[in-house]
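Raw run.txt, compact mmCIF, C-alpha atoms:
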# COMPACT_ATOMS: atom_id res chain seq x y z
CA MET J 166 96.21 119.01 85.02
CA ASP J 167 95.82 121.57 82.20
CA VAL J 168 93.97 124.60 83.55
CA THR J 169 93.78 126.76 80.43
CA GLY J 170 91.36 124.82 78.23
CA ARG J 171 93.35 125.66 75.11
CA THR J 172 94.51 123.40 72.30
CA LEU J 173 98.10 123.21 71.16
CA ILE J 174 98.75 122.40 67.51
CA GLY J 175 102.19 120.97 66.92
CA PRO J 176 104.93 120.44 69.50
CA PRO J 177 104.69 122.79 72.52
CA GLU J 178 107.62 124.64 73.99
CA ASN J 179 108.15 123.15 77.43
CA SER J 180 109.75 125.19 80.17
CA TRP J 181 110.39 125.24 83.86
CA PRO J 182 108.51 127.95 85.79
CA GLY J 183 109.81 131.43 84.99
CA TYR J 184 112.55 130.17 82.64
CA THR J 185 111.06 131.10 79.27
CA MET J 186 108.31 133.57 80.14
CA LYS J 187 110.03 136.48 81.91
CA GLY J 188 106.77 138.42 81.66
CA LYS J 189 106.74 138.64 77.87
CA LEU J 190 104.31 137.35 75.26
CA LEU J 191 105.90 134.56 73.23
CA SER J 192 105.40 134.44 69.47
CA HIS J 193 104.87 130.67 69.33
CA LYS J 194 102.58 128.16 71.02
CA TRP J 195 104.09 126.84 74.21
CA GLU J 196 103.32 125.03 77.44
CA ASN J 197 104.72 125.51 80.91
CA CYS J 198 105.17 121.98 82.28
CA MET J 199 105.83 122.08 86.00
CA THR J 200 105.34 120.06 89.16
CA ILE J 201 104.01 120.89 92.63
CA ASP J 202 106.98 119.16 94.28
CA ARG J 203 109.89 121.55 93.70
CA LYS J 204 112.39 118.68 93.50
CA SER J 205 110.68 115.80 91.72
CA TRP J 206 108.03 114.80 89.19
CA GLY J 207 107.40 111.61 91.14
CA TYR J 208 106.33 110.86 94.70
CA ARG J 209 109.01 111.36 97.39
CA ARG J 210 108.38 109.88 100.81
CA GLU J 211 111.06 112.12 102.35
CA ALA J 212 109.62 115.40 101.01
CA THR J 213 108.91 118.15 103.53
CA LEU J 214 106.15 120.78 103.42
CA ALA J 215 108.67 123.39 102.25
CA ASP J 216 109.33 121.27 99.14
CA TYR J 217 105.82 121.86 97.77
CA LEU J 218 104.62 124.95 95.94
CA THR J 219 102.08 126.99 97.87
CA MET J 220 98.82 128.29 96.40
CA ASP J 221 100.42 131.73 96.18
CA ASN J 222 103.18 130.16 94.07
CA LEU J 223 100.69 128.29 91.88
CA THR J 224 98.31 131.19 91.21
CA ASN J 225 101.32 133.34 90.35
CA LEU J 226 102.53 130.74 87.83
CA ILE J 227 99.05 130.25 86.35
CA ALA J 228 98.54 134.00 85.93
CA GLU J 229 101.97 134.62 84.42
CA THR J 230 101.78 131.65 82.05
CA VAL J 231 98.30 132.41 80.72
CA SER J 232 98.96 136.14 80.36
CA CYS J 233 101.99 135.28 78.22
CA GLY J 234 99.94 133.04 75.93
CA GLY J 235 100.89 129.64 77.31
CA ASN J 236 99.20 126.50 78.52
CA ILE J 237 100.18 125.25 81.96
CA LEU J 238 100.51 121.61 82.92
CA ILE J 239 100.68 121.02 86.68
CA ASN J 240 102.01 117.62 87.71
CA VAL J 241 101.44 115.65 90.91
CA GLY J 242 103.39 112.47 91.63
CA PRO J 243 101.29 109.47 92.74
CA THR J 244 102.59 106.77 95.02
CA HIS J 245 103.69 103.38 93.64
CA ASP J 246 100.12 102.09 93.99
CA GLY J 247 98.49 105.09 92.34
CA ARG J 248 97.39 107.11 95.38
CA ILE J 249 97.43 110.91 95.46
CA VAL J 250 98.82 111.95 98.84
CA PRO J 251 96.94 114.55 100.94
CA ILE J 252 99.22 117.52 100.17
CA PHE J 253 98.70 117.06 96.42
CA GLU J 254 94.97 116.54 96.89
CA GLU J 255 94.80 119.73 98.95
CA ARG J 256 96.55 121.76 96.25
CA LEU J 257 94.30 120.34 93.50
CA ARG J 258 91.16 121.11 95.50
CA GLN J 259 92.43 124.61 96.28
CA MET J 260 93.09 125.25 92.59
CA GLY J 261 89.61 123.97 91.80
CA ASP J 262 88.09 126.37 94.35
CA TRP J 263 90.08 129.26 92.91
CA LEU J 264 89.08 128.43 89.33
CA LYS J 265 85.38 128.19 90.28
CA VAL J 266 85.58 131.90 91.08
CA ASN J 267 88.18 133.09 88.60
CA GLY J 268 88.01 130.61 85.71
CA GLU J 269 86.50 133.30 83.48
CA ALA J 270 89.93 134.96 83.43
CA ILE J 271 91.72 131.69 82.58
CA TYR J 272 89.70 129.18 80.53
CA GLY J 273 89.70 130.05 76.83
CA SER J 274 91.32 133.42 77.51
CA LYS J 275 93.72 135.25 75.23
CA PRO J 276 96.73 137.43 76.00
CA TRP J 277 95.93 141.14 76.15
CA SER J 278 98.02 143.97 74.67
CA HIS J 279 99.86 144.17 78.01
CA GLN J 280 100.98 141.08 79.92
CA ASN J 281 101.60 142.81 83.24
CA ASP J 282 100.84 146.26 84.57
CA THR J 283 103.07 149.25 83.83
CA ILE J 284 102.73 150.73 87.33
CA THR J 285 101.76 148.12 89.90
CA PRO J 286 103.86 144.93 90.13
CA GLY J 287 102.16 141.59 90.64
CA VAL J 288 99.29 142.31 88.23
CA TRP J 289 98.84 140.06 85.17
CA TYR J 290 96.34 140.60 82.36
CA THR J 291 94.23 138.23 80.26
CA SER J 292 91.28 138.93 77.96
CA GLN J 293 88.09 137.41 76.56
CA LYS J 294 85.94 138.44 73.62
CA SER J 295 82.44 139.61 74.55
CA SER J 296 79.37 140.85 72.72
CA ALA J 297 80.46 144.40 73.51
CA GLY J 298 84.09 143.91 72.47
CA VAL J 299 86.80 142.63 74.79
CA ASN J 300 86.77 142.08 78.55
CA VAL J 301 90.11 142.50 80.29
CA TYR J 302 91.00 140.70 83.52
CA ALA J 303 93.56 142.09 85.96
CA ILE J 304 94.82 139.22 88.11
CA VAL J 305 96.15 140.80 91.30
CA LEU J 306 98.51 138.57 93.26
CA ASP J 307 98.49 140.64 96.47
CA TRP J 308 95.28 142.03 97.92
CA PRO J 309 95.35 145.86 97.76
CA GLU J 310 94.67 147.52 101.10
CA SER J 311 92.52 150.44 99.97
CA LYS J 312 93.16 151.24 96.31
CA LEU J 313 94.75 149.71 93.24
CA THR J 314 96.38 151.77 90.51
CA LEU J 315 96.54 150.23 87.03
CA GLY J 316 98.63 152.00 84.43
CA SER J 317 97.92 149.93 81.32
CA PRO J 318 94.14 150.22 80.61
CA VAL J 319 92.61 153.16 78.76
CA THR J 320 89.07 153.70 80.06
CA SER J 321 85.95 155.05 78.36
CA THR J 322 82.75 156.59 79.68
CA MET J 323 81.21 153.10 79.49
CA THR J 324 83.93 151.27 81.42
CA ASN J 325 82.70 149.04 84.24
CA VAL J 326 84.86 147.41 86.93
CA THR J 327 83.84 144.37 88.97
CA LEU J 328 85.59 141.87 91.22
CA LEU J 329 84.97 138.26 90.22
CA GLY J 330 83.01 136.44 92.91
CA TYR J 331 81.94 139.65 94.67
CA SER J 332 78.48 141.14 94.20
CA GLY J 333 79.17 144.58 95.66
CA ALA J 334 79.89 147.72 93.64
CA ILE J 335 83.49 148.61 92.81
CA TRP J 336 84.24 152.33 92.54
CA TRP J 337 87.01 153.67 90.35
CA LYS J 338 88.24 156.80 88.59
CA PRO J 339 90.28 157.38 85.42
CA ASP J 340 93.82 158.66 85.84
CA GLY J 341 94.15 161.08 82.95
CA ILE J 342 94.42 159.73 79.41
CA GLN J 343 95.61 156.28 80.50
CA GLY J 344 95.24 154.28 83.68
CA LEU J 345 92.72 154.08 86.51
CA THR J 346 92.51 153.86 90.26
CA ILE J 347 90.24 151.23 91.77
CA TYR J 348 88.93 151.91 95.28
CA VAL J 349 89.02 148.51 96.93
CA PRO J 350 86.21 147.91 99.43
CA ALA J 351 86.91 146.63 102.92
CA ILE J 352 85.61 143.09 102.50
CA PRO J 353 85.45 140.87 105.60
CA VAL J 354 87.59 137.76 105.33
CA SER J 355 84.47 135.59 105.55
CA GLU J 356 83.08 137.30 102.44
CA MET J 357 86.23 137.31 100.30
CA PRO J 358 85.57 135.64 96.94
CA CYS J 359 88.79 133.64 97.22
CA LEU J 360 91.95 133.40 99.28
CA TRP J 361 94.59 133.93 96.60
CA ALA J 362 95.05 136.10 93.49
CA TRP J 363 91.95 138.26 93.06
CA VAL J 364 90.61 139.21 89.62
CA PHE J 365 89.18 142.58 88.59
CA LYS J 366 87.12 142.47 85.39
CA LEU J 367 87.36 145.56 83.19
CA GLU J 368 84.60 145.97 80.60
CA ASN J 369 84.24 148.50 77.77
CA LEU J 370 87.81 149.78 77.75
CA LYS J 371 89.06 151.90 74.88
CA SER J 372 92.25 149.85 74.86
For this file, write the structure as structure tokens.
Amino acid sequence: MDVTGRTLIGPPENSWPGYTMKGKLLSHKWENCMTIDRKSWGYRREATLADYLTMDNLTNLIAETVSCGGNILINVGPTHDGRIVPIFEERLRQMGDWLKVNGEAIYGSKPWSHQNDTITPGVWYTSQKSSAGVNVYAIVLDWPESKLTLGSPVTSTMTNVTLLGYSGAIWWKPDGIQGLTIYVPAIPVSEMPCLWAWVFKLENLKS
């Protein structure tokens, strides 16, 4: 499963999760080849639930890989007769649900000038060209309780902030020359756009 929708020309650089990236943009084309079972690329009958990556693990890996300019290949191991067991099916469906909401920040995206935030940990950036310039996506791994401070973006008077999958207004304020504070609304669980790794879209930034 390749979730980035990019094309690699020439041999990719393969890596285990977190081994090559370390939060930095790589200068060459590369692909993070990994597997949902922490211990095997094939099916293991004796595997326990703890052996499988959670959706928190997977969204973290997707965000980090894409923000650092890589493709990500996520493997599931079928049984000897070609069946996908329920735990793998569940993870694939969960990733599909997450990408339906947040795919704009992943498919066809490009690395931004910053890979992760300079103030708040657990925030990864991607970008997309738009008719007005460049849209920046802040992928937030942990839901902020009331506000989110981002140190990397430089806002303008035209900057607009939205939460992918949420139709309500998002209020924010600039923090001096660089950075902004986003006031996160109290969204009921039943109305949350997704269950893992939320994405704030930043339009019309200066940089």
Box for segment 356-370 of chain J - axis-aligned, 8 Å on each of the six sides, all listed atoms - centre and size in Å to one decimal, as lines of an AutoDock Vina configuration file.
center_x = 89.1
center_y = 141.6
center_z = 90.1
size_x = 28.0
size_y = 32.4
size_z = 40.7
**Request:** Enumerate, as a PyMOL selection string, the protein, DNA and RNA residues whose atoms approach (100.3, 113.1, 90.3) to within 10 Å, taking into account all atoms listed in the file and the coordinate frame of the file.
**Result:** chain J and resi 166+200-202+206-208+239-244+247-250+253-254+257
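Checking J:Lys312, J:His245, J:Lys294, J:Lys275 one by one against Thr346 of chain J, counting only C-alpha atoms, you find the shortest gap at J:Lys312.
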**Pick from J:Gly261, J:Gly268, J:Gly298, J:Pro276 nearest to Gly234 of chain J, counting all atoms listed in the file** =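 Of the candidates, the smallest distance to Gly234 of chain J is held by J:Pro276.
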**Request:** Excluding Gly344 of chain J and any residue of its chain fewer than 6 positions from it, enumerate the residues within 10 Å of it, using all atoms listed in the file, and give them as a ChimeraX atom specification.
**Result:** /J:282-284,314-320,338
**Request:** Could you give me, as a list in words, the residues within 8 Å of segment 265-267 of chain J, counting all atoms listed in the file and dropping anything in the same chain fewer than 3 positions from it?
**Result:** Gly261, Asp262, Ala270, Ile271, Leu329, Gly330, Pro358, Cys359, Trp363 and Val364 of chain J
**Of the listed residues J:Gly235, J:Pro251, J:Gly273, J:Pro350, that which approaches Glu310 of chain J most closely, counting all atoms listed in the file** = J:Pro350
**Request:** Do a neighbour search on Arg256 of chain J at 9 Å with all atoms listed in the file, toss out local chain neighbours closer than 6 positions, and write the hits as a list of chain:residue names.
**Result:**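 That gives J:Ile201, J:Leu218, J:Thr219, J:Met220, J:Leu223.
Shortest separation to Ile237 of chain J among J:Leu367, J:Thr224, J:Ile347, J:Ala303 occurs at residue J:Thr224, atoms counted being all atoms listed in the file.
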**Item:** atom CA of Asp307 of chain J to atom CA of Val349 of chain J, distance in Å rounded to a single decimal
**Value:** 12.3 Å
**Item:** Selected residue, from J:Ile342, J:Cys198, J:Ala362, J:Ala215, that lies nearest to Thr230 of chain J when counting all atoms listed in the file
**Value:** J:Cys198
**Request:** Would you work out the distance separating atom CA of Asp221 of chain J from atom CA of Leu313 of chain J, expressed in Å to one decimal?
**Result:**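 Separating atom CA of Asp221 of chain J from atom CA of Leu313 of chain J is a distance of 19.1 Å.
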**Prompt:** So how many Å separate atom CA of Thr285 of chain J and atom CA of Ile335 of chain J, to one decimal?
**Reply:** 18.5 Å
**Item:** Exercise: Ser232 of chain J partners within 9 Å, only C-alpha atoms, chain neighbours under 2 positions left out, as a VMD selection string
**Value:** chain J and resid 188 to 190 227 to 230 234 to 235 271 274 to 277 279 to 281 289 to 292
**Prompt:** Smallest atom-to-atom distance to Ile304 of chain J: which of J:Tyr348, J:Trp336, J:Tyr272, J:Trp361, using only C-alpha atoms?
**Reply:**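 Closest to Ile304 of chain J of all the choices is J:Trp361.
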